[in-house]
Amino acid sequence: RNIFSIYTSNIVSIQLQVAFISAGQTIETRNVYNGSTISNLPVPVNKGNQFGGWYNNSSFTGTPYQNGRLWESENNLQAYAKWISIPYTITLDANGGSLQGSNTINNITYGNSFSTTSTVSRIGYTFEGWYDDPTDGKKYMTTSGQSIDGWDKESNATLYARWAVENYEIQINDNGSIVWLGASGLSDTSCSIEYGTILSAINLVPTFKASDHGF
């Protein structure tokens, strides 16, 4: 009779630790077994970015880890989150002025600086920069078109030119003495008047001295 010997051995699964790293920070660690099924991978968020998967290297080469596949390593692992920047568009609104150049800034990414070579002008007004609101809001670009901080909106947006009305000093020679034209009318003391002030609304009752010309 033939006699067969059957030998069995204990198969020991190797336990290892997986560190999930996103934007340079470890957001989670897990203990898994070599050969076990990958499941419930974390889905992180990062402002202004689209998640592109977990990779076993910070260069994001090779095949990403996926639910349903196997953990295959005898050593601890690092899983790196890949992030894909979302491009945004800024629209420039001259807000009553005239724009020279493109009215858009394309491919802006969250947290990064941006700029424009477009310029604006408006008669009687001084340009103060670009804001995210026509009359209030936050200043995003200087008068030279350079960003003050990195882009902090997770969307496309419009930036508005901010204007400060200019003031002018108008002197009138009153038969040898000087008077000034101000918002309330004529004045013996120095004053100014805003651009765009409607003169018909100002009290222009003559206060001039008599002259040989009959004024």
# chains A, B, ... in the order shown; residues from 1 in each chain; ligands from 1
$ residues_around --residues "Glu128 in chain A" --least-positions-apart "6" --cutoff "10 Å" --atoms "only C-alpha atoms" --output "ChimeraX atom specification"
/A:139,141-144,161-164
$ write_last_selection --atoms "N, CA and C atoms" --output "tab-separated table (two decimals), in the first residue's frame"
chain	number	residue	atom	x	y	z
A	139	LYS	N	-9.70	94.22	-1.61
A	139	LYS	CA	-8.80	94.62	-2.69
A	139	LYS	C	-7.93	93.43	-3.08
A	141	MET	N	-5.98	93.46	-6.41
A	141	MET	CA	-4.85	93.86	-7.23
A	141	MET	C	-4.56	95.34	-7.05
A	142	THR	N	-3.28	95.67	-7.17
A	142	THR	CA	-2.86	97.06	-7.06
A	142	THR	C	-3.18	97.81	-8.35
A	143	THR	N	-2.89	99.10	-8.36
A	143	THR	CA	-3.12	99.91	-9.54
A	143	THR	C	-2.24	99.48	-10.71
A	144	SER	N	-1.12	98.82	-10.41
A	144	SER	CA	-0.23	98.34	-11.48
A	144	SER	C	-0.61	96.96	-11.99
A	161	ALA	N	-12.90	97.78	-10.94
A	161	ALA	CA	-12.04	98.94	-10.73
A	161	ALA	C	-12.66	99.83	-9.66
A	162	ARG	N	-11.84	100.31	-8.74
A	162	ARG	CA	-12.32	101.23	-7.71
A	162	ARG	C	-11.83	102.63	-8.04
A	163	TRP	N	-12.75	103.60	-7.96
A	163	TRP	CA	-12.44	104.97	-8.35
A	163	TRP	C	-12.65	105.92	-7.19
A	164	ALA	N	-11.76	106.92	-7.09
A	164	ALA	CA	-11.92	108.02	-6.14
A	164	ALA	C	-12.08	109.31	-6.95
$ residues_around --residues "Val18 in chain A" --least-positions-apart "5" --cutoff "7 Å" --atoms "only C-alpha atoms" --output "JSON, numbers by chain"
{"A": [29, 30, 31, 76, 77, 78, 79]}
$ write_last_selection --atoms "all heavy atoms" --output "CSV table (one decimal), in the first residue's frame"
chain,number,residue,atom,x,y,z
A,29,THR,N,-3.7,57.0,9.5
A,29,THR,CA,-2.9,55.8,9.4
A,29,THR,C,-3.8,54.6,9.6
A,29,THR,O,-4.7,54.6,10.4
A,29,THR,CB,-1.7,55.8,10.4
A,29,THR,OG1,-2.3,55.9,11.7
A,29,THR,CG2,-0.8,56.9,10.2
A,30,ARG,N,-3.5,53.5,8.9
A,30,ARG,CA,-4.2,52.3,9.0
A,30,ARG,C,-3.3,51.1,9.2
A,30,ARG,O,-2.2,51.0,8.6
A,30,ARG,CB,-5.1,52.0,7.8
A,30,ARG,CG,-6.3,53.0,7.7
A,30,ARG,CD,-7.1,52.6,6.5
A,30,ARG,NE,-8.2,53.6,6.2
A,30,ARG,CZ,-9.0,53.5,5.2
A,30,ARG,NH1,-8.9,52.4,4.4
A,30,ARG,NH2,-9.9,54.4,5.0
A,31,ASN,N,-3.7,50.1,9.9
A,31,ASN,CA,-3.1,48.8,10.0
A,31,ASN,C,-3.8,47.8,9.1
A,31,ASN,O,-5.0,47.6,9.2
A,31,ASN,CB,-3.0,48.3,11.4
A,31,ASN,CG,-2.2,49.1,12.3
A,31,ASN,OD1,-1.1,49.6,11.9
A,31,ASN,ND2,-2.6,49.3,13.6
A,76,ASN,N,5.9,48.8,5.7
A,76,ASN,CA,5.0,49.9,5.8
A,76,ASN,C,4.9,50.7,4.6
A,76,ASN,O,5.9,50.8,3.8
A,76,ASN,CB,5.4,50.7,7.0
A,76,ASN,CG,5.2,50.0,8.4
A,76,ASN,OD1,4.4,49.1,8.5
A,76,ASN,ND2,5.9,50.5,9.4
A,77,LEU,N,3.8,51.3,4.4
A,77,LEU,CA,3.6,52.0,3.1
A,77,LEU,C,3.2,53.5,3.4
A,77,LEU,O,2.6,53.8,4.4
A,77,LEU,CB,2.4,51.4,2.3
A,77,LEU,CG,2.7,50.0,1.8
A,77,LEU,CD1,1.4,49.5,1.2
A,77,LEU,CD2,3.8,50.0,0.7
A,78,GLN,N,3.5,54.3,2.4
A,78,GLN,CA,3.0,55.7,2.4
A,78,GLN,C,2.2,55.9,1.1
A,78,GLN,O,2.6,55.5,0.0
A,78,GLN,CB,4.2,56.7,2.4
A,78,GLN,CG,5.0,56.8,3.7
A,78,GLN,CD,6.0,55.7,3.8
A,78,GLN,OE1,6.6,55.3,2.8
A,78,GLN,NE2,6.1,55.1,5.0
A,79,ALA,N,1.0,56.4,1.3
A,79,ALA,CA,0.1,56.7,0.2
A,79,ALA,C,0.0,58.2,0.1
A,79,ALA,O,-0.4,58.9,1.0
A,79,ALA,CB,-1.3,56.1,0.4
$ select_by_dssp --residues "chain A" --states "strand (DSSP E)" --output "PyMOL selection string"
chain A and resi 15-22+25-33+49-55+77-85+88-93+98-100+104-108+119-121+125-131+139-141+157-165+167-168+170-174+177-182+185-187+193-194
$ closest_atom_pairs --of "range 62-175 of chain A" --to "range 186-194 of chain A" --cutoff "7 Å" --atoms "only C-alpha atoms" --output "tab-separated table"
residue	atom	partner	partner_atom	distance
A:Val165	CA	A:Glu194	CA	6.7
A:Glu166	CA	A:Glu194	CA	6.0
A:Asn167	CA	A:Glu194	CA	4.4
A:Tyr168	CA	A:Ser192	CA	5.2
A:Glu169	CA	A:Ser192	CA	4.4
A:Ile170	CA	A:Ser192	CA	6.8
$ write_last_selection --atoms "N, CA, C and O atoms" --output "JSON list (two decimals), in the first residue's frame"
[["chain", "number", "residue", "atom", "x", "y", "z"],
["A", 165, "VAL", "N", -13.17, 110.03, -6.70],
["A", 165, "VAL", "CA", -13.42, 111.24, -7.46],
["A", 165, "VAL", "C", -12.35, 112.29, -7.14],
["A", 165, "VAL", "O", -11.90, 112.42, -6.00],
["A", 166, "GLU", "N", -11.91, 112.99, -8.15],
["A", 166, "GLU", "CA", -10.89, 114.02, -7.96],
["A", 166, "GLU", "C", -11.53, 115.35, -7.59],
["A", 166, "GLU", "O", -12.67, 115.64, -7.97],
["A", 167, "ASN", "N", -10.79, 116.13, -6.85],
["A", 167, "ASN", "CA", -11.24, 117.47, -6.45],
["A", 167, "ASN", "C", -10.37, 118.52, -7.12],
["A", 167, "ASN", "O", -9.16, 118.33, -7.29],
["A", 168, "TYR", "N", -11.01, 119.63, -7.48],
["A", 168, "TYR", "CA", -10.30, 120.69, -8.18],
["A", 168, "TYR", "C", -10.52, 122.01, -7.45],
["A", 168, "TYR", "O", -11.58, 122.26, -6.87],
["A", 169, "GLU", "N", -9.51, 122.83, -7.51],
["A", 169, "GLU", "CA", -9.60, 124.17, -6.93],
["A", 169, "GLU", "C", -9.81, 125.16, -8.07],
["A", 169, "GLU", "O", -8.98, 125.26, -8.98],
["A", 170, "ILE", "N", -10.92, 125.85, -8.02],
["A", 170, "ILE", "CA", -11.25, 126.82, -9.06],
["A", 170, "ILE", "C", -11.20, 128.22, -8.45],
["A", 170, "ILE", "O", -11.97, 128.56, -7.55]]
$ closest_atom_pairs --of "range 48-121 of chain A" --to "range 155-158 of chain A" --cutoff "9 Å" --atoms "only C-alpha atoms" --output "tab-separated table"
residue	atom	partner	partner_atom	distance
A:Gly48	CA	A:Ser155	CA	8.2
A:Pro87	CA	A:Asn156	CA	8.7
A:Tyr88	CA	A:Asn156	CA	5.1
A:Thr89	CA	A:Asn156	CA	5.0
A:Ile90	CA	A:Ala157	CA	5.2
A:Thr91	CA	A:Thr158	CA	4.6
A:Leu92	CA	A:Thr158	CA	5.8
A:Asp93	CA	A:Thr158	CA	6.8
A:Thr104	CA	A:Thr158	CA	8.9
A:Ile108	CA	A:Asn156	CA	8.9
$ write_last_selection --atoms "C-alpha atoms" --output "mmCIF file, in the first residue's frame"
data_model
loop_
_atom_site.group_PDB
_atom_site.id
_atom_site.type_symbol
_atom_site.label_atom_id
_atom_site.label_comp_id
_atom_site.auth_asym_id
_atom_site.auth_seq_id
_atom_site.Cartn_x
_atom_site.Cartn_y
_atom_site.Cartn_z
ATOM 1 C CA GLY A 48 -9.027 74.770 -5.240
ATOM 2 C CA PRO A 87 -8.174 76.738 -13.189
ATOM 3 C CA TYR A 88 -10.320 79.797 -12.582
ATOM 4 C CA THR A 89 -11.055 82.904 -14.648
ATOM 5 C CA ILE A 90 -11.145 86.496 -13.386
ATOM 6 C CA THR A 91 -13.267 88.979 -15.327
ATOM 7 C CA LEU A 92 -12.288 92.648 -15.104
ATOM 8 C CA ASP A 93 -15.033 95.289 -14.896
ATOM 9 C CA THR A 104 -10.082 88.391 -18.433
ATOM 10 C CA ILE A 108 -5.740 81.351 -12.077
#
$ atom_distance --atom1 "CA of Thr117 in chain A" --atom2 "CA of Ile148 in chain A"
15.0 Å
$ closest_residue --among "A:Gly97, A:Asn46, A:Glu72, A:Thr63" --to "Gln15 in chain A" --atoms "only C-alpha atoms"
A:Glu72
$ closest_residue --among "A:Trp130, A:Leu99, A:Ser85, A:Leu181" --to "Gly111 in chain A" --atoms "only C-alpha atoms"
A:Ser85
$ atom_distance --atom1 "CA of Asn173 in chain A" --atom2 "CA of Gly124 in chain A"
24.0 Å
$ atom_distance --atom1 "CA of Phe51 in chain A" --atom2 "CA of Lys82 in chain A"
6.1 Å
$ residues_around --residues "Trp71 in chain A" --least-positions-apart "2" --cutoff "12 Å" --atoms "only C-alpha atoms" --output "ChimeraX atom specification"
/A:13-18,30-39,41,56,64-69,73-79
$ write_last_selection --atoms "C-alpha atoms" --output "CSV table (one decimal), in the first residue's frame"
chain,number,residue,atom,x,y,z
A,13,SER,CA,-0.1,37.3,7.1
A,14,ILE,CA,2.2,40.3,7.6
A,15,GLN,CA,0.7,43.3,9.2
A,16,LEU,CA,1.8,46.6,7.9
A,17,GLN,CA,0.9,50.3,8.5
A,18,VAL,CA,-0.3,52.6,5.7
A,30,ARG,CA,-4.2,52.3,9.0
A,31,ASN,CA,-3.1,48.8,10.0
A,32,VAL,CA,-3.6,46.3,7.2
A,33,TYR,CA,-2.4,42.9,6.1
A,34,ASN,CA,-0.3,42.1,3.1
A,35,GLY,CA,-2.6,40.5,0.6
A,36,SER,CA,-5.8,42.0,2.1
A,37,THR,CA,-8.3,43.8,0.0
A,38,ILE,CA,-8.1,47.6,-0.2
A,39,SER,CA,-11.4,49.2,0.9
A,41,LEU,CA,-9.9,54.6,0.8
A,56,ASN,CA,2.8,55.0,-3.5
A,64,PRO,CA,-2.8,54.4,-7.9
A,65,TYR,CA,-4.3,52.4,-5.1
A,66,GLN,CA,-7.9,51.5,-5.7
A,67,ASN,CA,-10.7,50.0,-3.7
A,68,GLY,CA,-11.0,46.3,-4.5
A,69,ARG,CA,-7.4,45.7,-5.3
A,73,SER,CA,3.9,44.9,0.5
A,74,GLU,CA,5.9,43.4,3.4
A,75,ASN,CA,6.9,46.8,4.6
A,76,ASN,CA,5.0,49.9,5.8
A,77,LEU,CA,3.6,52.0,3.1
A,78,GLN,CA,3.0,55.7,2.4
A,79,ALA,CA,0.1,56.7,0.2
